[in-house]
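Structure data follow from model25.csv (CSV, C-alpha atoms and all ligand atoms):
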chain,number,residue,atom,x,y,z
A,1,MET,CA,-7.7,27.2,-7.6
A,2,PHE,CA,-8.4,23.8,-9.1
A,3,GLN,CA,-10.6,23.4,-12.1
A,4,GLN,CA,-12.2,20.3,-13.7
A,5,ASN,CA,-10.5,19.1,-16.8
A,6,ASP,CA,-12.8,18.8,-19.8
A,7,LEU,CA,-14.3,15.3,-20.2
A,8,PRO,CA,-12.1,13.4,-22.8
A,9,TYR,CA,-15.3,12.7,-24.8
A,10,ASN,CA,-18.8,14.1,-25.4
A,11,MET,CA,-21.5,13.7,-22.7
A,12,ASP,CA,-23.4,11.3,-24.9
A,13,ALA,CA,-20.3,9.3,-26.1
A,14,LEU,CA,-20.7,6.5,-23.6
A,15,ASP,CA,-24.4,5.9,-24.1
A,16,PRO,CA,-26.1,3.4,-23.7
A,17,HIS,CA,-23.6,2.1,-21.1
A,18,ILE,CA,-23.4,5.4,-19.3
A,19,SER,CA,-26.0,7.9,-20.3
A,20,LYS,CA,-25.7,11.6,-21.1
A,21,GLU,CA,-27.9,12.3,-18.1
A,22,THR,CA,-25.6,10.4,-15.8
A,23,LEU,CA,-22.6,12.3,-17.0
A,24,GLU,CA,-24.5,15.6,-16.6
A,25,TYR,CA,-25.0,14.8,-13.0
A,26,HIS,CA,-21.8,12.9,-12.2
A,27,TYR,CA,-19.4,15.2,-14.0
A,28,GLY,CA,-21.5,18.4,-13.9
A,29,LYS,CA,-22.8,18.2,-10.3
A,30,HIS,CA,-20.9,15.6,-8.2
A,31,HIS,CA,-17.4,16.1,-9.5
A,32,ALA,CA,-17.9,19.8,-9.8
A,33,GLY,CA,-19.1,19.9,-6.2
A,34,TYR,CA,-15.9,18.3,-4.9
A,35,VAL,CA,-13.8,20.8,-6.8
A,36,LYS,CA,-15.8,23.7,-5.5
A,37,LYS,CA,-15.6,22.4,-1.9
A,38,LEU,CA,-11.9,21.7,-2.3
A,39,ASN,CA,-11.2,25.2,-3.4
A,40,ALA,CA,-13.2,26.7,-0.5
A,41,ALA,CA,-11.4,24.4,2.0
A,42,ILE,CA,-7.8,25.3,0.9
A,43,GLU,CA,-8.3,29.0,0.1
A,44,GLY,CA,-5.6,31.1,1.9
A,45,GLY,CA,-4.2,28.1,3.8
A,46,GLU,CA,-1.2,25.9,3.8
A,47,TYR,CA,-2.6,23.6,1.0
A,48,ALA,CA,-3.3,26.5,-1.4
A,49,SER,CA,0.1,26.3,-3.2
A,50,GLN,CA,0.3,22.4,-3.2
A,51,SER,CA,-0.2,20.0,-6.0
A,52,ILE,CA,-3.4,17.8,-5.8
A,53,GLU,CA,-1.2,14.7,-5.0
A,54,ASP,CA,0.6,16.6,-2.2
A,55,ILE,CA,-2.7,17.9,-0.8
A,56,ILE,CA,-4.1,14.3,-0.8
A,57,THR,CA,-1.0,12.8,0.9
A,58,ASN,CA,-0.6,15.6,3.5
A,59,SER,CA,-4.3,15.9,4.4
A,60,ARG,CA,-4.5,12.1,4.8
A,61,GLU,CA,-1.5,12.2,7.2
A,62,LYS,CA,-3.1,15.0,9.2
A,63,LYS,CA,-6.5,13.4,9.2
A,64,ASP,CA,-7.8,16.7,7.7
A,65,MET,CA,-10.8,14.9,6.2
A,66,GLY,CA,-12.7,17.9,4.8
A,67,VAL,CA,-9.7,18.6,2.6
A,68,PHE,CA,-8.8,15.0,2.0
A,69,ASN,CA,-12.2,13.9,0.9
A,70,ASN,CA,-12.7,16.6,-1.7
A,71,ALA,CA,-9.1,16.5,-3.0
A,72,ALA,CA,-9.1,12.7,-3.3
A,73,GLN,CA,-12.5,12.8,-5.0
A,74,HIS,CA,-11.3,15.4,-7.5
A,75,TRP,CA,-8.3,13.2,-8.4
A,76,ASN,CA,-10.3,10.0,-8.4
A,77,HIS,CA,-12.9,11.4,-10.8
A,78,ASP,CA,-10.3,12.7,-13.2
A,79,PHE,CA,-8.8,9.3,-13.2
A,80,TYR,CA,-12.2,7.6,-13.7
A,81,TRP,CA,-13.1,9.8,-16.7
A,82,ASN,CA,-9.8,8.8,-18.3
A,83,SER,CA,-10.5,5.1,-17.5
A,84,LEU,CA,-13.5,5.3,-19.8
A,85,SER,CA,-13.6,5.6,-23.6
A,86,PRO,CA,-16.2,5.1,-26.4
A,87,ASP,CA,-13.4,3.2,-28.2
A,88,SER,CA,-12.7,0.3,-26.0
A,89,ASP,CA,-10.3,-2.1,-27.6
A,90,ILE,CA,-7.6,-4.1,-25.9
A,91,ASN,CA,-4.4,-4.2,-27.9
A,92,GLN,CA,-3.9,-8.0,-28.4
A,93,SER,CA,-0.1,-7.7,-28.3
A,94,SER,CA,0.1,-5.2,-25.4
A,95,LYS,CA,2.3,-5.5,-22.3
A,96,LEU,CA,-1.0,-4.9,-20.4
A,97,LYS,CA,-2.7,-8.0,-21.8
A,98,GLU,CA,0.4,-10.1,-21.1
A,99,ALA,CA,0.5,-8.8,-17.5
A,100,LEU,CA,-3.2,-9.5,-17.0
A,101,GLU,CA,-2.8,-13.0,-18.3
A,102,ARG,CA,0.3,-13.6,-16.1
A,103,ASP,CA,-1.4,-12.4,-12.9
A,104,PHE,CA,-5.1,-13.3,-13.4
A,105,GLY,CA,-4.9,-16.2,-15.9
A,106,SER,CA,-6.8,-14.4,-18.7
A,107,VAL,CA,-8.4,-11.0,-19.4
A,108,ASP,CA,-11.9,-12.6,-18.8
A,109,SER,CA,-10.8,-14.0,-15.5
A,110,PHE,CA,-9.4,-10.6,-14.5
A,111,LYS,CA,-12.8,-8.9,-15.4
A,112,GLU,CA,-14.6,-11.5,-13.3
A,113,LYS,CA,-12.4,-10.9,-10.3
A,114,PHE,CA,-12.6,-7.2,-10.7
A,115,ASN,CA,-16.4,-7.2,-10.8
A,116,ALA,CA,-16.6,-9.6,-7.8
A,117,SER,CA,-14.4,-7.2,-5.9
A,118,ALA,CA,-16.4,-4.1,-7.0
A,119,ALA,CA,-19.8,-5.8,-6.3
A,120,GLY,CA,-18.5,-6.6,-2.8
A,121,ASN,CA,-17.1,-3.1,-2.1
A,122,PHE,CA,-19.6,-2.2,0.7
A,123,GLY,CA,-21.2,1.2,0.5
A,124,SER,CA,-19.5,4.0,-1.5
A,125,GLY,CA,-16.0,3.6,-2.9
A,126,TRP,CA,-13.7,2.7,-5.8
A,127,THR,CA,-12.3,-0.5,-7.3
A,128,TRP,CA,-8.9,-0.3,-8.9
A,129,LEU,CA,-6.5,-2.2,-11.1
A,130,VAL,CA,-3.1,-1.4,-9.6
A,131,GLN,CA,0.5,-2.3,-10.2
A,132,LYS,CA,2.5,-3.2,-7.1
A,133,THR,CA,6.2,-2.3,-6.5
A,134,ASP,CA,7.2,-5.8,-7.6
A,135,GLY,CA,5.5,-5.1,-11.0
A,136,SER,CA,2.6,-7.5,-10.5
A,137,LEU,CA,-1.0,-6.4,-11.0
A,138,ASP,CA,-3.7,-6.5,-8.3
A,139,ILE,CA,-7.3,-5.5,-7.7
A,140,VAL,CA,-8.0,-3.3,-4.7
A,141,ASN,CA,-11.1,-1.7,-3.2
A,142,THR,CA,-11.0,1.7,-1.4
A,143,SER,CA,-13.9,3.2,0.6
A,144,ASN,CA,-15.5,6.6,0.3
A,145,ALA,CA,-12.8,9.0,-1.1
A,146,GLU,CA,-9.8,6.8,-0.3
A,147,THR,CA,-7.4,6.6,-3.2
A,148,THR,CA,-4.1,5.0,-4.5
A,149,VAL,CA,-2.4,8.4,-4.5
A,150,GLY,CA,0.3,8.5,-1.8
A,151,THR,CA,0.4,4.7,-1.5
A,152,ASP,CA,3.0,2.3,-3.1
A,153,GLN,CA,0.4,1.2,-5.6
A,154,THR,CA,0.2,2.6,-9.1
A,155,ALA,CA,-3.3,2.9,-10.4
A,156,LEU,CA,-3.9,1.6,-13.9
A,157,LEU,CA,-7.8,1.8,-14.0
A,158,THR,CA,-10.6,2.6,-11.7
A,159,CYS,CA,-14.3,2.1,-11.5
A,160,ASP,CA,-16.5,4.5,-9.4
A,161,VAL,CA,-18.9,2.3,-7.4
A,162,TRP,CA,-20.6,5.2,-5.6
A,163,GLU,CA,-24.4,4.9,-6.3
A,164,HIS,CA,-24.3,8.3,-8.1
A,165,ALA,CA,-22.2,6.7,-10.8
A,166,TYR,CA,-24.9,4.3,-11.9
A,167,TYR,CA,-28.3,5.0,-10.2
A,168,ILE,CA,-29.9,6.9,-13.1
A,169,ASP,CA,-29.0,4.1,-15.7
A,170,TYR,CA,-29.1,1.0,-13.5
A,171,ARG,CA,-31.0,2.0,-10.4
A,172,ASN,CA,-29.6,-0.2,-7.6
A,173,ALA,CA,-28.2,-2.9,-9.9
A,174,ARG,CA,-24.4,-2.3,-9.5
A,175,PRO,CA,-23.6,-5.7,-11.2
A,176,ASP,CA,-25.3,-4.5,-14.4
A,177,TYR,CA,-23.2,-1.3,-14.3
A,178,LEU,CA,-20.1,-3.3,-13.8
A,179,LYS,CA,-20.9,-5.6,-16.7
A,180,ASN,CA,-21.2,-2.6,-19.0
A,181,TYR,CA,-18.0,-1.0,-17.6
A,182,TRP,CA,-16.0,-3.4,-19.9
A,183,GLU,CA,-17.8,-2.1,-23.0
A,184,ILE,CA,-16.3,1.4,-22.4
A,185,VAL,CA,-13.1,0.8,-20.5
A,186,ASN,CA,-10.0,2.6,-21.8
A,187,TRP,CA,-7.4,-0.1,-22.2
A,188,ASP,CA,-4.9,2.3,-23.8
A,189,PHE,CA,-5.0,4.5,-20.6
A,190,ALA,CA,-4.4,1.4,-18.4
A,191,GLN,CA,-1.5,0.4,-20.7
A,192,ALA,CA,0.0,4.0,-20.5
A,193,ASN,CA,-0.1,3.9,-16.7
A,194,LEU,CA,1.8,0.6,-16.6
A,195,LYS,CA,5.4,0.9,-15.5
A,201,MN3,MN,-18.4,9.6,-8.5
Rewritten as structure tokens:
Amino acid sequence: MFQQNDLPYNMDALDPHISKETLEYHYGKHHAGYVKKLNAAIEGGEYASQSIEDIITNSREKKDMGVFNNAAQHWNHDFYWNSLSPDSDINQSSKLKEALERDFGSVDSFKEKFNASAAGNFGSGWTWLVQKTDGSLDIVNTSNAETTVGTDQTALLTCDVWEHAYYIDYRNARPDYLKNYWEIVNWDFAQANLK
């Protein structure tokens, strides 16, 4: 049985960029719902003894979407909570900053490209900063529950662009949510994911 990890900060820690009410719904209802449905879908079956990564990869291959969607959403949300932090400071001498400057010109230019990609991610989905097998960084969008797990891309950061991530705080204004994302992004987590 899978369980949600505790949030790595208090429910009100990201306010005013992401409110306590949003986290109560997003973590407490939406993410919790995926975990509950995942456990119900795998109980007693072939997936029950597998890791979350294996469940994602295997259910994707078998087009077992009821399992895939809930497993991927559980993993994606864990990764998203870790992508956020009330202490958002980029280490000026980090390998990550060097890599962002190498591949996007500057950190600001990376943020602009990331936000343009996220704003243009039609419907529900995720926008990711990834590292490719050649070591370079890239920005990718995925739709619905689709995830970097089981692909040749290593996720460094993600932004949830499902409406439930921002509707309470920003209504339909996804670009405002994206602008505020950079006030609470966990650069240390991204750096730690870098290979
Ligand atoms: Mn979500």
Within 10 Å of stretch 143-161 of chain A: each stretch 60-104 of chain A residue with its shortest pair, only C-alpha atoms, as JSON lines:
{"residue": "A:Arg60", "atom": "CA", "partner": "A:Gly150", "partner_atom": "CA", "distance": 8.9}
{"residue": "A:Glu61", "atom": "CA", "partner": "A:Gly150", "partner_atom": "CA", "distance": 9.9}
{"residue": "A:Met65", "atom": "CA", "partner": "A:Ala145", "partner_atom": "CA", "distance": 9.6}
{"residue": "A:Phe68", "atom": "CA", "partner": "A:Ala145", "partner_atom": "CA", "distance": 7.8}
{"residue": "A:Asn69", "atom": "CA", "partner": "A:Ala145", "partner_atom": "CA", "distance": 5.3}
{"residue": "A:Asn70", "atom": "CA", "partner": "A:Ala145", "partner_atom": "CA", "distance": 7.6}
{"residue": "A:Ala71", "atom": "CA", "partner": "A:Ala145", "partner_atom": "CA", "distance": 8.6}
{"residue": "A:Ala72", "atom": "CA", "partner": "A:Ala145", "partner_atom": "CA", "distance": 5.7}
{"residue": "A:Gln73", "atom": "CA", "partner": "A:Ala145", "partner_atom": "CA", "distance": 5.5}
{"residue": "A:His74", "atom": "CA", "partner": "A:Ala145", "partner_atom": "CA", "distance": 9.2}
{"residue": "A:Trp75", "atom": "CA", "partner": "A:Thr147", "partner_atom": "CA", "distance": 8.5}
{"residue": "A:Asn76", "atom": "CA", "partner": "A:Thr147", "partner_atom": "CA", "distance": 6.9}
{"residue": "A:His77", "atom": "CA", "partner": "A:Asp160", "partner_atom": "CA", "distance": 7.9}
{"residue": "A:Phe79", "atom": "CA", "partner": "A:Thr158", "partner_atom": "CA", "distance": 7.1}
{"residue": "A:Tyr80", "atom": "CA", "partner": "A:Thr158", "partner_atom": "CA", "distance": 5.6}
{"residue": "A:Trp81", "atom": "CA", "partner": "A:Thr158", "partner_atom": "CA", "distance": 9.1}
{"residue": "A:Asn82", "atom": "CA", "partner": "A:Leu157", "partner_atom": "CA", "distance": 8.5}
{"residue": "A:Ser83", "atom": "CA", "partner": "A:Leu157", "partner_atom": "CA", "distance": 5.5}
{"residue": "A:Leu84", "atom": "CA", "partner": "A:Leu157", "partner_atom": "CA", "distance": 8.9}
{"residue": "A:Leu96", "atom": "CA", "partner": "A:Leu156", "partner_atom": "CA", "distance": 9.6}
Write out as a list in words each polymer residue (protein, DNA or RNA) that has an atom no more than 7 Å from ligand MN3 201 (chain A), with all atoms listed in the file counted.
His26, His30, His31, His77, Asp160, Trp162, His164 and Ala165 of chain A
Using only C-alpha atoms, give me every residue within 12 Å of (-3.4, -9.1, -15.0) in file coordinates, as a count of residues only.
35
Around the point (-25.2, 6.9, -22.5) in the file's coordinates, collect all residues with an atom within 12 Å, using only C-alpha atoms, and return them as a ChimeraX atom specification.
/A:9-24,85-86,166,168-170,177,180-181,183-184
Selection near A:Ala41, 12 Å with only C-alpha atoms, sequence-local residues under 5 positions removed, as an NGL selection string
:A and (1-2 or 34-36 or 46-48 or 55 or 59 or 64-71)
So what do you get for atom CA of A:Ile90 versus atom CA of A:Pro8, distance-wise?
18.3 Å
Could you tell me which of A:Asp176, A:Glu53, A:Asp78, A:Glu43 comes closest to A:Asn115 if we count all atoms listed in the file?
A:Asp176
Using only C-alpha atoms for the distances, tell me which of A:Asn91, A:Arg174, A:Ala40, A:Thr133 is nearest to A:Asp188.
A:Asn91
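Of the listed residues (A:Ile42, A:Ala118, A:Leu7, A:Ala32), A:Ala118 comes nearest to A:Lys179; the distances count only C-alpha atoms.
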Would you mind reading off the distance between atom CA of A:Gly28 and atom CA of A:Pro175, one decimal, in Å?
24.3 Å
